[in-house]
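Below is target-v4.txt, holding compact mmCIF, C-alpha atoms.
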# COMPACT_ATOMS: atom_id res chain seq x y z
CA MET A 1 0.00 0.00 0.00
CA LEU A 2 1.06 3.55 -0.64
CA ASN A 3 2.25 5.71 2.21
CA PRO A 4 0.88 9.27 1.86
CA ASP A 5 4.16 10.76 3.07
CA LEU A 6 6.21 8.76 0.56
CA VAL A 7 4.22 9.57 -2.59
CA ALA A 8 6.50 11.55 -4.87
CA LEU A 9 5.09 15.01 -5.47
CA PRO A 10 5.48 16.24 -9.03
CA ARG A 11 7.69 19.15 -9.96
CA VAL A 12 6.94 22.30 -7.98
CA THR A 13 5.33 24.97 -10.12
CA CYS A 14 4.87 28.71 -10.05
CA SER A 15 2.12 28.92 -7.43
CA LEU A 16 4.44 27.34 -4.86
CA LEU A 17 7.57 29.31 -5.65
CA PHE A 18 6.23 32.83 -5.99
CA PRO A 19 4.08 35.05 -3.80
CA PRO A 20 0.40 35.09 -4.75
CA SER A 21 0.70 38.33 -6.69
CA PRO A 22 0.89 37.44 -10.39
CA ARG A 23 -1.40 39.37 -12.68
CA LEU A 24 -5.01 38.48 -12.06
CA GLU A 25 -7.74 38.85 -14.63
CA GLU A 26 -8.52 42.55 -14.79
CA VAL A 27 -11.94 43.35 -13.33
CA PRO A 28 -13.08 46.96 -13.71
CA LEU A 29 -13.26 48.72 -10.36
CA VAL A 30 -16.95 49.56 -10.80
CA VAL A 31 -17.76 45.90 -11.46
CA LEU A 32 -15.67 44.81 -8.47
CA ARG A 33 -17.52 47.20 -6.17
CA GLN A 34 -20.87 45.92 -7.47
CA ARG A 35 -19.80 42.34 -6.81
CA GLU A 36 -18.65 43.26 -3.31
CA SER A 37 -22.05 44.81 -2.59
CA LYS A 38 -23.86 41.70 -3.84
CA TRP A 39 -21.64 39.39 -1.81
CA LEU A 40 -22.13 41.49 1.33
CA ASP A 41 -25.88 41.16 0.90
CA MET A 42 -25.54 37.39 0.53
CA LEU A 43 -23.27 37.03 3.57
CA ASN A 44 -25.63 39.13 5.67
CA ASN A 45 -28.54 36.85 4.75
CA TRP A 46 -26.65 33.63 4.12
CA ASP A 47 -29.20 31.04 5.22
CA LYS A 48 -31.96 32.52 3.08
CA TRP A 49 -29.70 32.73 0.03
CA MET A 50 -28.47 29.17 0.52
CA ALA A 51 -32.00 27.84 0.94
CA LYS A 52 -33.71 29.70 -1.90
CA LYS A 53 -31.07 31.11 -4.27
CA HIS A 54 -28.26 28.58 -4.27
CA LYS A 55 -27.95 28.67 -8.07
CA LYS A 56 -27.26 32.40 -7.88
CA ILE A 57 -24.49 31.77 -5.34
CA ARG A 58 -22.99 29.20 -7.73
CA LEU A 59 -23.01 31.67 -10.63
CA ARG A 60 -21.33 34.33 -8.51
CA CYS A 61 -18.66 31.86 -7.37
CA GLN A 62 -18.00 31.02 -11.01
CA LYS A 63 -17.46 34.72 -11.73
CA GLY A 64 -14.99 34.88 -8.85
CA ILE A 65 -15.42 35.98 -5.24
CA PRO A 66 -14.17 39.54 -4.58
CA PRO A 67 -10.70 39.34 -2.96
CA SER A 68 -11.77 41.46 0.03
CA LEU A 69 -14.52 38.95 0.93
CA ARG A 70 -12.99 35.67 -0.23
CA GLY A 71 -11.96 34.46 3.22
CA ARG A 72 -15.37 35.10 4.75
CA ALA A 73 -17.12 33.55 1.76
CA TRP A 74 -15.01 30.38 1.98
CA GLN A 75 -15.95 30.04 5.66
CA TYR A 76 -19.65 30.32 4.85
CA LEU A 77 -19.53 28.06 1.79
CA SER A 78 -17.59 25.30 3.56
CA GLY A 79 -19.65 25.41 6.73
CA GLY A 80 -16.49 26.27 8.65
CA LYS A 81 -18.21 29.18 10.37
CA VAL A 82 -21.03 26.95 11.64
CA LYS A 83 -18.51 24.32 12.72
CA LEU A 84 -16.59 26.94 14.71
CA GLU A 85 -19.77 28.11 16.45
CA GLN A 86 -20.70 24.52 17.29
CA ASN A 87 -17.26 23.97 18.83
CA THR A 88 -16.54 27.20 20.69
CA GLY A 89 -13.23 26.97 22.53
CA ARG A 90 -12.34 23.60 20.99
CA PHE A 91 -9.48 24.95 18.88
CA ASP A 92 -8.01 26.74 21.91
CA GLU A 93 -7.98 23.42 23.80
CA LEU A 94 -6.22 21.69 20.92
CA ASP A 95 -3.83 24.60 20.48
CA LEU A 96 -2.74 24.42 24.13
CA SER A 97 -2.25 20.64 24.05
CA ALA A 98 1.23 19.23 23.55
CA GLY A 99 0.62 17.05 20.51
CA ASP A 100 2.18 13.76 19.42
CA PRO A 101 5.97 14.12 18.89
CA LYS A 102 5.74 11.68 15.97
CA TRP A 103 3.67 14.21 13.98
CA LEU A 104 5.25 17.38 15.35
CA ASP A 105 8.67 16.52 13.91
CA VAL A 106 7.24 15.81 10.44
CA ILE A 107 5.16 19.01 10.47
CA GLU A 108 8.20 21.08 11.51
CA ARG A 109 10.19 19.74 8.57
CA ASP A 110 7.44 20.66 6.11
CA LEU A 111 6.76 24.25 7.22
CA HIS A 112 9.46 25.95 5.13
CA ARG A 113 8.33 24.18 1.95
CA GLN A 114 4.94 25.91 1.78
CA PHE A 115 4.98 29.00 -0.46
CA PRO A 116 8.54 29.86 0.63
CA PHE A 117 8.57 33.26 -1.10
CA HIS A 118 5.23 34.41 0.23
CA GLU A 119 5.63 37.11 2.87
CA MET A 120 3.67 35.06 5.42
CA PHE A 121 5.95 32.04 5.17
CA VAL A 122 9.28 33.46 4.05
CA SER A 123 10.96 33.53 7.47
CA ARG A 124 11.60 30.47 9.61
CA GLY A 125 9.68 30.82 12.83
CA GLY A 126 7.68 33.75 11.44
CA HIS A 127 3.99 34.22 12.24
CA GLY A 128 2.88 32.41 9.09
CA GLN A 129 4.89 29.28 9.83
CA GLN A 130 3.81 29.39 13.47
CA ASP A 131 0.13 29.57 12.53
CA LEU A 132 0.58 26.79 9.98
CA PHE A 133 2.18 24.62 12.65
CA ARG A 134 -0.71 25.36 15.04
CA VAL A 135 -3.37 24.41 12.47
CA LEU A 136 -1.67 21.17 11.44
CA LYS A 137 -0.84 20.14 14.99
CA ALA A 138 -4.42 20.83 16.09
CA TYR A 139 -5.72 18.58 13.31
CA THR A 140 -3.53 15.66 14.45
CA LEU A 141 -5.13 16.00 17.88
CA TYR A 142 -8.63 16.48 16.46
CA ARG A 143 -8.30 13.38 14.26
CA PRO A 144 -5.55 11.25 15.83
CA GLU A 145 -6.56 8.24 13.72
CA GLU A 146 -5.56 10.24 10.62
CA GLY A 147 -2.65 12.23 12.00
CA TYR A 148 -0.80 14.39 9.49
CA CYS A 149 -0.35 14.10 5.73
CA GLN A 150 2.05 16.28 3.75
CA ALA A 151 -0.65 17.34 1.29
CA GLN A 152 -2.58 19.07 4.09
CA ALA A 153 0.17 21.67 4.54
CA PRO A 154 -0.32 23.65 1.28
CA VAL A 155 -4.10 23.47 1.73
CA ALA A 156 -3.83 24.92 5.24
CA ALA A 157 -1.35 27.55 4.01
CA VAL A 158 -3.78 28.83 1.37
CA LEU A 159 -6.52 29.07 4.01
CA LEU A 160 -4.21 31.04 6.35
CA MET A 161 -3.59 33.59 3.60
CA HIS A 162 -7.30 34.43 3.74
CA MET A 163 -8.43 34.06 7.35
CA PRO A 164 -7.28 33.86 11.01
CA VAL A 165 -5.83 30.65 12.40
CA GLU A 166 -8.97 29.32 14.16
CA GLN A 167 -11.16 29.87 11.11
CA ALA A 168 -8.51 28.25 8.90
CA PHE A 169 -8.49 25.20 11.15
CA TRP A 170 -12.24 24.64 10.89
CA CYS A 171 -12.20 25.17 7.12
CA LEU A 172 -9.45 22.52 6.91
CA VAL A 173 -11.62 20.19 9.00
CA GLN A 174 -14.51 20.70 6.56
CA ILE A 175 -12.28 19.98 3.56
CA CYS A 176 -10.96 16.78 5.17
CA GLU A 177 -14.34 15.58 6.46
CA LYS A 178 -16.93 16.83 3.97
CA TYR A 179 -15.26 17.63 0.65
CA LEU A 180 -12.43 15.05 0.52
CA PRO A 181 -13.13 12.42 3.20
CA GLY A 182 -10.47 9.74 3.42
CA TYR A 183 -7.98 11.58 1.22
CA TYR A 184 -5.47 12.06 4.01
CA SER A 185 -5.83 8.67 5.70
CA GLU A 186 -2.83 6.36 5.96
CA LYS A 187 -3.63 3.97 3.10
CA LEU A 188 -4.65 6.61 0.52
CA GLU A 189 -7.61 4.45 -0.48
CA ALA A 190 -9.98 7.33 -1.21
CA ILE A 191 -7.55 9.08 -3.56
CA GLN A 192 -6.86 5.81 -5.37
CA LEU A 193 -10.60 5.29 -5.88
CA ASP A 194 -10.96 8.84 -7.21
CA GLY A 195 -8.03 8.19 -9.53
CA GLU A 196 -9.97 5.31 -11.07
CA ILE A 197 -13.08 7.50 -11.30
CA LEU A 198 -11.07 10.21 -13.08
CA PHE A 199 -9.65 7.65 -15.50
CA SER A 200 -13.10 6.28 -16.29
CA LEU A 201 -14.49 9.78 -16.88
CA LEU A 202 -11.51 10.46 -19.14
CA HIS A 203 -12.67 7.62 -21.39
CA ARG A 204 -15.91 9.55 -21.94
CA PHE A 205 -14.65 13.12 -22.18
CA ALA A 206 -11.16 12.70 -23.73
CA PRO A 207 -10.96 9.23 -25.35
CA MET A 208 -7.63 9.86 -27.07
CA ALA A 209 -5.93 10.81 -23.79
CA TYR A 210 -7.52 7.76 -22.15
CA LYS A 211 -6.26 5.45 -24.88
CA HIS A 212 -2.72 6.85 -24.67
CA LEU A 213 -2.48 6.53 -20.88
CA SER A 214 -3.89 3.00 -21.07
CA LYS A 215 -1.36 2.04 -23.72
CA GLN A 216 1.51 3.46 -21.64
CA LYS A 217 0.14 1.72 -18.50
CA ILE A 218 0.38 4.93 -16.47
CA ASP A 219 -1.65 4.60 -13.28
CA PRO A 220 -3.77 7.67 -12.38
CA ILE A 221 -2.20 7.79 -8.91
CA LEU A 222 1.09 8.83 -10.54
CA TYR A 223 -0.20 12.12 -11.93
CA MET A 224 -3.40 13.04 -10.07
CA THR A 225 -2.40 12.49 -6.43
CA GLU A 226 -0.95 15.93 -5.87
CA TRP A 227 -3.56 17.59 -8.08
CA PHE A 228 -6.47 16.40 -5.97
CA MET A 229 -4.92 16.13 -2.50
CA CYS A 230 -3.59 19.70 -2.68
CA ALA A 231 -6.65 20.97 -4.60
CA PHE A 232 -4.29 22.15 -7.39
CA SER A 233 -2.65 24.68 -5.06
CA ARG A 234 0.80 23.37 -6.08
CA THR A 235 -0.01 23.05 -9.78
CA LEU A 236 -1.83 26.08 -11.17
CA PRO A 237 -0.88 29.78 -11.36
CA TRP A 238 -2.11 31.64 -8.30
CA SER A 239 -4.99 33.47 -9.99
CA SER A 240 -6.30 30.14 -11.32
CA VAL A 241 -5.92 28.51 -7.89
CA LEU A 242 -8.20 31.14 -6.34
CA ARG A 243 -10.87 30.78 -9.01
CA VAL A 244 -10.78 26.99 -8.76
CA TRP A 245 -11.10 27.16 -4.96
CA ASP A 246 -14.05 29.59 -5.22
CA MET A 247 -15.91 27.01 -7.32
CA PHE A 248 -14.63 24.04 -5.29
CA PHE A 249 -16.01 25.41 -2.02
CA CYS A 250 -19.36 26.02 -3.71
CA GLU A 251 -19.75 22.93 -5.90
CA GLY A 252 -17.50 20.34 -4.29
CA VAL A 253 -15.12 17.72 -5.64
CA LYS A 254 -16.60 17.69 -9.14
CA ILE A 255 -14.59 20.88 -9.74
CA LEU A 256 -11.35 18.99 -9.07
CA PHE A 257 -12.45 16.28 -11.51
CA ARG A 258 -13.25 18.90 -14.13
CA VAL A 259 -9.88 20.61 -13.73
CA GLY A 260 -8.08 17.27 -14.01
CA LEU A 261 -10.04 16.32 -17.14
CA VAL A 262 -9.38 19.71 -18.76
CA LEU A 263 -5.63 19.44 -18.13
CA LEU A 264 -5.45 15.88 -19.46
CA LYS A 265 -7.61 16.65 -22.49
CA HIS A 266 -5.53 19.65 -23.56
CA THR A 267 -2.21 17.91 -22.83
CA LEU A 268 -2.81 14.47 -24.34
CA GLY A 269 -6.10 14.80 -26.18
CA SER A 270 -4.95 15.03 -29.83
CA SER A 271 -2.59 13.18 -32.16
CA GLU A 272 -0.54 16.37 -32.57
CA LYS A 273 0.04 16.62 -28.82
CA LEU A 274 0.95 12.94 -28.55
CA LYS A 275 3.80 13.13 -31.08
CA SER A 276 6.22 14.19 -28.36
CA CYS A 277 4.87 11.64 -25.81
CA GLN A 278 5.98 8.35 -27.28
CA GLY A 279 6.89 6.66 -23.99
CA GLN A 280 6.05 6.59 -20.30
CA TYR A 281 8.84 8.98 -19.35
CA GLU A 282 7.93 11.59 -21.99
CA THR A 283 4.26 11.42 -21.02
CA MET A 284 4.98 11.91 -17.32
CA GLU A 285 7.33 14.78 -18.10
CA ARG A 286 4.58 16.45 -20.11
CA LEU A 287 2.12 16.05 -17.23
CA ARG A 288 4.66 17.47 -14.76
CA ALA A 289 5.37 20.51 -16.95
CA LEU A 290 1.93 21.54 -18.16
CA ASN A 291 1.50 24.17 -20.86
CA PRO A 292 0.92 27.55 -19.13
CA LYS A 293 -1.74 28.46 -21.73
CA ILE A 294 -4.13 25.74 -20.57
CA MET A 295 -3.71 26.83 -16.93
CA GLN A 296 -4.38 30.50 -17.67
CA GLU A 297 -7.27 31.77 -15.55
CA ALA A 298 -9.82 32.85 -18.17
CA PHE A 299 -9.28 29.81 -20.41
CA LEU A 300 -9.29 27.27 -17.58
CA VAL A 301 -12.35 28.66 -15.79
CA GLN A 302 -14.41 28.68 -18.98
CA GLU A 303 -13.40 25.09 -19.75
CA ILE A 304 -14.32 24.02 -16.20
CA ILE A 305 -17.75 25.63 -16.39
CA GLU A 306 -18.54 24.10 -19.79
CA LEU A 307 -17.44 20.54 -18.95
CA PRO A 308 -20.66 18.61 -18.11
CA VAL A 309 -19.35 16.43 -15.27
CA THR A 310 -21.97 16.22 -12.52
CA GLU A 311 -22.26 14.77 -9.02
CA ARG A 312 -24.35 11.98 -10.52
CA HIS A 313 -21.52 10.96 -12.87
CA ILE A 314 -19.07 10.87 -9.98
CA GLU A 315 -21.33 8.93 -7.61
CA ARG A 316 -22.26 6.40 -10.27
CA GLU A 317 -18.59 5.82 -11.10
CA HIS A 318 -17.77 5.63 -7.40
CA LEU A 319 -20.15 2.69 -6.95
CA ILE A 320 -18.66 0.93 -9.99
CA GLN A 321 -15.06 1.44 -8.86
CA LEU A 322 -15.89 0.50 -5.26
CA LYS A 323 -17.37 -2.80 -6.48
CA LYS A 324 -14.22 -3.50 -8.53
CA TRP A 325 -12.04 -2.62 -5.54
CA LYS A 326 -13.87 -5.09 -3.27
CA GLU A 327 -13.63 -7.84 -5.90
CA THR A 328 -9.87 -7.42 -6.31
CA ARG A 329 -8.65 -6.07 -2.95
CA GLY A 330 -11.37 -6.76 -0.42
CA GLU A 331 -13.06 -4.30 1.91
CA LEU A 332 -11.73 -0.79 2.39
CA GLN A 333 -9.65 -0.46 5.54
CA CYS A 334 -10.52 3.23 5.99
CA ARG A 335 -14.19 3.85 6.76
CA SER A 336 -14.74 7.42 5.62
CA PRO A 337 -17.99 9.38 5.95
CA PRO A 338 -19.90 9.96 2.70
CA ARG A 339 -18.66 12.83 0.56
CA LEU A 340 -20.83 15.96 0.43
CA HIS A 341 -20.90 17.70 -2.93
CA GLY A 342 -20.47 21.36 -2.09
CA ALA A 343 -21.97 24.12 -0.01
CA LYS A 344 -25.64 23.28 -0.55
CA ALA A 345 -25.21 19.66 0.54
CA ILE A 346 -23.20 20.74 3.59
CA SER A 347 -25.79 23.36 4.52
CA ASP A 348 -28.63 20.85 4.18
CA SER A 349 -26.76 18.39 6.43
CA GLU A 350 -26.86 20.90 9.30
CA PRO A 351 -30.41 20.66 10.78
CA HIS A 352 -30.11 23.82 12.86
CA SER A 353 -29.35 25.90 9.76
CA ARG A 354 -32.72 25.01 8.28
CA LYS A 355 -34.45 25.47 11.64
CA ALA A 356 -33.18 29.02 11.81
CA LEU A 357 -35.21 29.78 8.70
CA ASP A 358 -38.53 28.53 10.10
CA PRO A 359 -41.02 31.38 10.49
CA SER A 360 -41.33 32.63 14.04
CA PRO A 361 -44.93 33.65 14.82
CA SER A 362 -45.32 37.11 16.27
CA ILE A 363 -48.79 36.31 17.68
CA ILE A 364 -49.62 33.16 19.60
CA LEU A 365 -53.32 32.32 19.95
CA PRO A 366 -54.75 30.55 23.02
CA PRO A 367 -55.48 26.82 22.60
CA GLY A 368 -58.66 26.15 20.64
CA GLN A 369 -58.97 29.68 19.25
CA ALA A 370 -58.77 29.97 15.46
CA LEU A 371 -57.84 32.93 13.32
CA PRO A 372 -60.87 34.98 12.18
CA PRO A 373 -61.97 34.29 8.60
CA LYS A 374 -60.71 36.59 5.88
CA GLY A 375 -62.98 39.55 5.29
CA ARG A 376 -63.89 40.08 8.94
CA LYS A 377 -60.71 41.96 9.75
CA ASN A 378 -61.77 45.33 8.30
CA LYS A 379 -65.32 45.08 9.72
CA GLU A 380 -64.02 44.35 13.22
CA LYS A 381 -61.50 47.15 12.89
CA LYS A 382 -64.22 49.67 12.03
CA ARG A 383 -66.42 48.38 14.87
CA ASP A 384 -63.59 48.72 17.39
CA GLN A 385 -62.84 52.26 16.26
CA GLY A 386 -66.12 53.35 17.83
CA LYS A 387 -65.10 52.06 21.24
CA VAL A 388 -63.15 54.46 23.44
CA ARG A 389 -60.67 52.96 25.83
CA PRO A 390 -60.39 54.87 29.10
CA ALA A 391 -57.01 56.46 29.75
CA ASN A 392 -54.85 54.22 31.92
CA GLY A 393 -57.90 52.01 32.36
CA PRO A 394 -58.09 48.24 32.13
CA ILE A 395 -58.05 46.54 28.76
CA PRO A 396 -61.55 45.29 27.86
CA GLU A 397 -61.89 41.53 28.33
CA GLU A 398 -62.73 40.74 24.72
CA THR A 399 -59.65 42.63 23.55
CA ARG A 400 -57.38 41.09 26.20
CA ASP A 401 -58.46 37.56 25.32
CA GLN A 402 -58.06 37.89 21.57
CA ALA A 403 -54.34 37.19 21.41
CA PHE A 404 -51.14 37.03 23.37
CA VAL A 405 -48.04 38.58 21.87
CA GLU A 406 -44.84 36.68 22.49
CA PRO A 407 -42.34 38.93 24.28
CA GLY A 408 -39.33 39.77 22.15
CA ALA A 409 -40.75 38.03 19.08
CA SER A 410 -40.25 39.69 15.73
CA PRO A 411 -41.85 38.92 12.38
CA HIS A 412 -38.44 39.49 10.81
CA HIS A 413 -36.65 36.44 12.13
CA GLN A 414 -32.91 36.36 11.46
CA SER A 415 -30.73 33.26 11.60
CA LYS A 416 -28.01 33.32 14.19
CA ASP A 417 -25.70 31.90 11.54
CA SER A 418 -25.99 34.95 9.31
CA LEU A 419 -23.67 37.93 9.51
CA SER A 420 -25.30 41.12 10.67
CA SER A 421 -24.28 44.42 9.10
CA ARG A 422 -22.97 45.43 12.51
CA GLU A 423 -20.70 42.42 12.87
CA SER A 424 -17.08 43.39 12.46
CA GLU A 425 -14.64 40.87 11.16
CA ASP A 426 -11.07 41.14 9.99
CA THR A 427 -10.73 40.96 6.21
CA TYR A 428 -7.80 38.91 4.98
CA LEU A 429 -6.64 39.80 1.48
Target format structure tokens, applied to this file:
Amino acid sequence: MLNPDLVALPRVTCSLLFPPSPRLEEVPLVVLRQRESKWLDMLNNWDKWMAKKHKKIRLRCQKGIPPSLRGRAWQYLSGGKVKLEQNTGRFDELDLSAGDPKWLDVIERDLHRQFPFHEMFVSRGGHGQQDLFRVLKAYTLYRPEEGYCQAQAPVAAVLLMHMPVEQAFWCLVQICEKYLPGYYSEKLEAIQLDGEILFSLLHRFAPMAYKHLSKQKIDPILYMTEWFMCAFSRTLPWSSVLRVWDMFFCEGVKILFRVGLVLLKHTLGSSEKLKSCQGQYETMERLRALNPKIMQEAFLVQEIIELPVTERHIEREHLIQLKKWKETRGELQCRSPPRLHGAKAISDSEPHSRKALDPSPSIILPPGQALPPKGRKNKEKKRDQGKVRPANGPIPEETRDQAFVEPGASPHHQSKDSLSSRESEDTYL
């Protein structure tokens, strides 16, 4: 079986070596401000938007989340904010705990490898490396049966660039538990299964690339492990990484499958491209040094959006590959929770989020008393206008018995999980 810490990671590319400041797609300032306003409205009424206008959220994630709100949006999309509120003080407990020396040594050795030229991580022992250590150590204590996997480090580093350490920890938990369950377990079974799913989907969407890889007997685990386990954070240019993550947090793992299929299709998907890939070595070299044009933000995002790979495709293939796995290798050793496909599925899995949207009645009637029929309201109102209530006098019995107003109730019920306009939060660019 493969050891997750021994899997060779392909050649490091530009997003790892340089600070996240390459040229992004130019968005006019007026358009950016409009998008910020729309996203603020969504964040301030998140539960209602998620329940009734999820498709609109998806379209706005595809356009790109405004940089000033990206960290907050990722927390809401992933359910990390809800998870934090459900576990108040839990991260502090983990943070103060000593940790297992077996994992601490490995984590320490990996810190300097994450975005080494980014200002947060450039100095050994700097605040960025310290926070990264805290997040990764806390996860080994939170999930001791999983411990630490090298691929978690770049994922946590990207999160820390956009949010404080505690929020980054809970977003990492959501990625490991909801989006990519089993990816970071010791036997790497989940990533191997997804490799077979990717290969099967390749047969449908890029048959020439599928045929070539089959002929060369190149196992998917050799080229897609780092892609998926690091969510392409070590593969794509930085601007493309951010756009992919915006869609990934909203739509789930199908975005990773789409990115992988797009890269394979445009690298090995034509006879012209295959002329220079006659053998295994040449093919792997081509996959390690991808053409920058196919990773360019505008081109890649459009290809991802247009590729019709759905959750249904992935789940159907998962059942097929799982059956094959059991026939050839037996039962899975790692029992992972079912994968949730994006923000909507995660939101629906949290019962209290839906409960917060239930209407809260502002008037509670006594038992057995029904609401008056429609049409009587105006007549009764006119009749009551003729009655004069004495100043500071008692309320007439028929008026007092009509209804009881619940103290503090409001017809405009707001979820406790939604941001209020008064809530102040640090914005991480």
| query | Between atom CA of A:Ser239 and atom CA of A:Glu297, what is the distance, to one decimal in Å? | reply | 6.2 Å
| Taking all atoms listed in the file into account, which of A:Ile197, A:Met163, A:Leu96, A:Cys250 comes nearest A:Ser347? | A:Cys250
| field | Pairwise distance for atom CA of A:Ile221 and atom CA of A:Leu77, rounded to one decimal in Å | value | 28.7 Å
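Between atom CA of A:Glu285 and atom CA of A:Pro237 lies a distance of 18.4 Å.
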| If we count all atoms listed in the file, what is near A:Gln321 at a cut-off of 9 Å, once residues fewer than 6 positions away on the same chain are taken out, given as a list in words? | Leu193, Asp194, Glu196 and Ile197 of chain A
| For A:Leu159, which of A:Gly195, A:Gly89, A:Gly71, A:Pro101 is the closest residue, counting only C-alpha atoms? | A:Gly71
What would stretch 209-215 of chain A look like with all heavy atoms restored, written as a PDB file, keeping the file's coordinate frame?
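The file below, selection-v9.pdb, is the result:
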ATOM      1  N   ALA A 209      -6.817  10.769 -24.959  1.00  0.00           N
ATOM      2  CA  ALA A 209      -5.930  10.810 -23.790  1.00  0.00           C
ATOM      3  C   ALA A 209      -6.059   9.517 -22.985  1.00  0.00           C
ATOM      4  O   ALA A 209      -5.060   8.961 -22.503  1.00  0.00           O
ATOM      5  CB  ALA A 209      -6.283  12.014 -22.912  1.00  0.00           C
ATOM      6  N   TYR A 210      -7.289   9.021 -22.863  1.00  0.00           N
ATOM      7  CA  TYR A 210      -7.520   7.760 -22.150  1.00  0.00           C
ATOM      8  C   TYR A 210      -6.794   6.606 -22.820  1.00  0.00           C
ATOM      9  O   TYR A 210      -6.119   5.797 -22.166  1.00  0.00           O
ATOM     10  CB  TYR A 210      -9.027   7.483 -22.101  1.00  0.00           C
ATOM     11  CG  TYR A 210      -9.392   6.111 -21.579  1.00  0.00           C
ATOM     12  CD1 TYR A 210      -9.523   5.890 -20.210  1.00  0.00           C
ATOM     13  CD2 TYR A 210      -9.606   5.040 -22.450  1.00  0.00           C
ATOM     14  CE1 TYR A 210      -9.851   4.635 -19.724  1.00  0.00           C
ATOM     15  CE2 TYR A 210      -9.942   3.783 -21.968  1.00  0.00           C
ATOM     16  CZ  TYR A 210     -10.067   3.588 -20.612  1.00  0.00           C
ATOM     17  OH  TYR A 210     -10.394   2.339 -20.127  1.00  0.00           O
ATOM     18  N   LYS A 211      -6.894   6.529 -24.130  1.00  0.00           N
ATOM     19  CA  LYS A 211      -6.260   5.450 -24.880  1.00  0.00           C
ATOM     20  C   LYS A 211      -4.742   5.497 -24.735  1.00  0.00           C
ATOM     21  O   LYS A 211      -4.089   4.466 -24.544  1.00  0.00           O
ATOM     22  CB  LYS A 211      -6.661   5.557 -26.354  1.00  0.00           C
ATOM     23  CG  LYS A 211      -6.151   4.428 -27.223  1.00  0.00           C
ATOM     24  CD  LYS A 211      -6.632   4.586 -28.663  1.00  0.00           C
ATOM     25  CE  LYS A 211      -6.084   3.460 -29.542  1.00  0.00           C
ATOM     26  NZ  LYS A 211      -6.542   3.612 -30.963  1.00  0.00           N
ATOM     27  N   HIS A 212      -4.173   6.711 -24.784  1.00  0.00           N
ATOM     28  CA  HIS A 212      -2.720   6.850 -24.670  1.00  0.00           C
ATOM     29  C   HIS A 212      -2.229   6.423 -23.293  1.00  0.00           C
ATOM     30  O   HIS A 212      -1.246   5.672 -23.177  1.00  0.00           O
ATOM     31  CB  HIS A 212      -2.316   8.302 -24.941  1.00  0.00           C
ATOM     32  CG  HIS A 212      -0.851   8.561 -24.795  1.00  0.00           C
ATOM     33  ND1 HIS A 212       0.078   8.156 -25.743  1.00  0.00           N
ATOM     34  CD2 HIS A 212      -0.126   9.140 -23.798  1.00  0.00           C
ATOM     35  CE1 HIS A 212       1.285   8.501 -25.346  1.00  0.00           C
ATOM     36  NE2 HIS A 212       1.189   9.097 -24.168  1.00  0.00           N
ATOM     37  N   LEU A 213      -2.901   6.892 -22.233  1.00  0.00           N
ATOM     38  CA  LEU A 213      -2.480   6.530 -20.880  1.00  0.00           C
ATOM     39  C   LEU A 213      -2.653   5.039 -20.625  1.00  0.00           C
ATOM     40  O   LEU A 213      -1.859   4.428 -19.899  1.00  0.00           O
ATOM     41  CB  LEU A 213      -3.279   7.353 -19.855  1.00  0.00           C
ATOM     42  CG  LEU A 213      -2.939   8.852 -19.813  1.00  0.00           C
ATOM     43  CD1 LEU A 213      -3.972   9.616 -18.991  1.00  0.00           C
ATOM     44  CD2 LEU A 213      -1.545   9.078 -19.243  1.00  0.00           C
ATOM     45  N   SER A 214      -3.695   4.450 -21.205  1.00  0.00           N
ATOM     46  CA  SER A 214      -3.890   3.000 -21.070  1.00  0.00           C
ATOM     47  C   SER A 214      -2.769   2.253 -21.758  1.00  0.00           C
ATOM     48  O   SER A 214      -2.212   1.277 -21.207  1.00  0.00           O
ATOM     49  CB  SER A 214      -5.238   2.584 -21.671  1.00  0.00           C
ATOM     50  OG  SER A 214      -6.308   3.208 -21.017  1.00  0.00           O
ATOM     51  N   LYS A 215      -2.417   2.694 -22.942  1.00  0.00           N
ATOM     52  CA  LYS A 215      -1.360   2.040 -23.720  1.00  0.00           C
ATOM     53  C   LYS A 215      -0.016   2.117 -22.987  1.00  0.00           C
ATOM     54  O   LYS A 215       0.763   1.163 -22.967  1.00  0.00           O
ATOM     55  CB  LYS A 215      -1.248   2.700 -25.092  1.00  0.00           C
ATOM     56  CG  LYS A 215      -0.204   2.083 -26.008  1.00  0.00           C
ATOM     57  CD  LYS A 215      -0.156   2.819 -27.341  1.00  0.00           C
ATOM     58  CE  LYS A 215       0.956   2.258 -28.230  1.00  0.00           C
ATOM     59  NZ  LYS A 215       1.029   2.997 -29.533  1.00  0.00           N
TER      60      LYS A 215
END
